Amino acid sequence: MAVVTDQVTLTVDGQSVTVAKGTLILDAAKKLGIEIPIFCSHPKMEPVAVCRMCLVEVEKMPKLQPACAVYVMDGMVVRTRTEQVHRYQNGVLEFLLANHPLDCPICDKGGECPLQDQTYTYGPGASRYDFPKKHFDKAVPLSDKILLDRERCVLCWRCTRFSAEISGERELALIQRGKDTIIGTFNDQPARSEYQGNWTEICPVGALTSRQYRFISRPWDLDRTATICPGCSMGCNIHADARHNRLGRFQARENLAVDDGWLCDFGRYSFPSFQREGIERPRVRRDGRLEEVSYEEAMAAAAQSLRRAGPATAGWASPAATNEELFLFQRLLREVLATPHLDHGRGRGEAATALEPDDAALPIADLERCDHVLLLGGQAVIDAAPVLHLRLFKSERKGVRVHRVDDARAALEAVPAEAQAVGIVSSLGRKPEVDSLQGKLARKVKGSVRRLLVPDGPNGRGATDLGFDPGRGPGYASLDGKAGRARPDWEAAGVRALYLFEASPLHDFQASGEEREWIQRLETVVLQRPRPSPLDDLAHVILPGRTFVEKAGTVTNMEGRVQRIRPAIDAAVVRDDWKILQGIAQALGADWRYRDPDEVFADLSRAVPAYRADRIGERALWSERA
């Protein structure tokens, strides 16, 4: 009886390799460490084999075959380094370079250009063509973010395929035919995609360039730091590239379990918001005027004023603060000042409906393994985490039924009883509705029902996990009747002092006119923030802190994944936020002696067992690589 197997064995350049059925020759060779040059191929897109750079010999096939489009077969024999292959690689590169401009000295792709690298490795030493190059338009504005240099384009179709297959917007297309083919938008209208930065990253030449980065730097001049995007709670992995201590760009850093290798434009192009312009000193209001003082004087003044208010103090934390900062801030408020009034987010009641971790949590990558996904709230959820749309669109292409519904009743009707794996995606503010829907659905369908809730900010999930909630402590611990009031109720609770801890200009404290009037009447307002704020004129003490890209620590994304952030630029004399919090606590009599964020995390993980290294490892959600 024949044995059916999902594995096939083939030989590439004399080396045997066993791979799964449906594997491309390109990927089988890569498993052996054999690199086959490519331009059009991309692991997230369907093969098109238009550049012909990856042609290889396959035994028993009369012509060379594109390794990016031919699937392996058992017993196949592949040769990637024969004289015939090398001759065709020379020819392809000579053809591509026939009309390619000699822009390398000024091209932004210089130093990280596959065309440069492959010409050096596989190409001819000189061209046989001796005629004027064909010219196209240069620096064509596709939008306020992207410029297109049509002379450099090698027509690999990567950008058009991304627009069709990955984002589903179909904004880019091939226009004209033959030697006149160009890339463009419909009727030359400005592109409106929220994912345009991905076009520049996947472009194998310098045809698509970012207006922000154009003529700024070369890759060898950049200091590259692995960190996390500050845009939202998705937790996309990025490289923050800086030159001479100034940010130059954010680039995608693939984490298949989270971002799948993509970034949205909101996060990618947010880096100028975190660039420090000059250094400011702490200030204390005296006789109605803010005066510059040392950090020690400012922390002492803050401690003195907060001591007077004591339990009548309220604390607001940014959903962009690190876990270590949030842990110390809630300790300062609860343990040192004995106040129960803590909140975070933008005042939508998110903290009051915090997400308690349980077995019903749905990891981002598992969206692709559901058979039905309910998007409760529609576009608002996608706007809060744009890369989530790319994951949902990918899931739909794989056969997942994604239902965009506005309420629980419509969601319940959309899912059939025979469903095996159902996911609910919603904003954190709708958690009660999600809880109710989950219990209805659990009784209706045969399979599992899990949820993915989207909080505000890059660490809104961490804020709820670590107790920035007036109703529960770190790890969702009961407060034994000592619960405080949420932000909308602080005036009614008799709050006299307010400690505002902002950590990001993208997720700062948004005060209404009425709320500003209330803040103006308070005895004490301590404002800790990374850059000048609209609330500066209301503050009694201003403590300059660090921006997201100047911090070290961890943040927790929407699914509960703990990831490291690292400083991409040097904040010079600006003090670490956790050190400011520790300094105020010490001035109030607390015996805190932390030396670095790792020591804070050690205490944090003892207070919140879910954050212990062994527990995080079990959940496979700790991203040490980040």
# chains A, B, ... in the order shown; residues from 1 in each chain; ligands from 1
>>> residues_around(residues="Asp406 in chain A", least_positions_apart="2", cutoff="12 Å", atoms="only C-alpha atoms", output="number ranges by chain")
A: 374-381, 403-404, 408-412, 414, 425-427, 430, 433-434
>>> residues_around(residues="Ser448 in chain A", least_positions_apart="2", cutoff="10 Å", atoms="only C-alpha atoms", output="ChimeraX atom specification")
/A:360,370,419-423,438,441-442,445-446,450
>>> closest_residue(among="A:His372, A:Arg521, A:Arg561, A:Arg487", to="Tyr611 in chain A", atoms="only C-alpha atoms")
A:Arg561
>>> atom_distance(atom1="CA of Glu550 in chain A", atom2="CA of Ser233 in chain A")
18.6 Å
>>> closest_residue(among="A:Thr227, A:Ser41, A:Ser318, A:Thr82", to="Lys551 in chain A", atoms="only C-alpha atoms")
A:Thr227
>>> select_by_dssp(residues="range 237-476 of chain A", states="strand (DSSP E)", output="ChimeraX atom specification")
/A:237-243,246-252,283-286,289-292,313-317,341-344,372-376,401-405,421-427,448-454
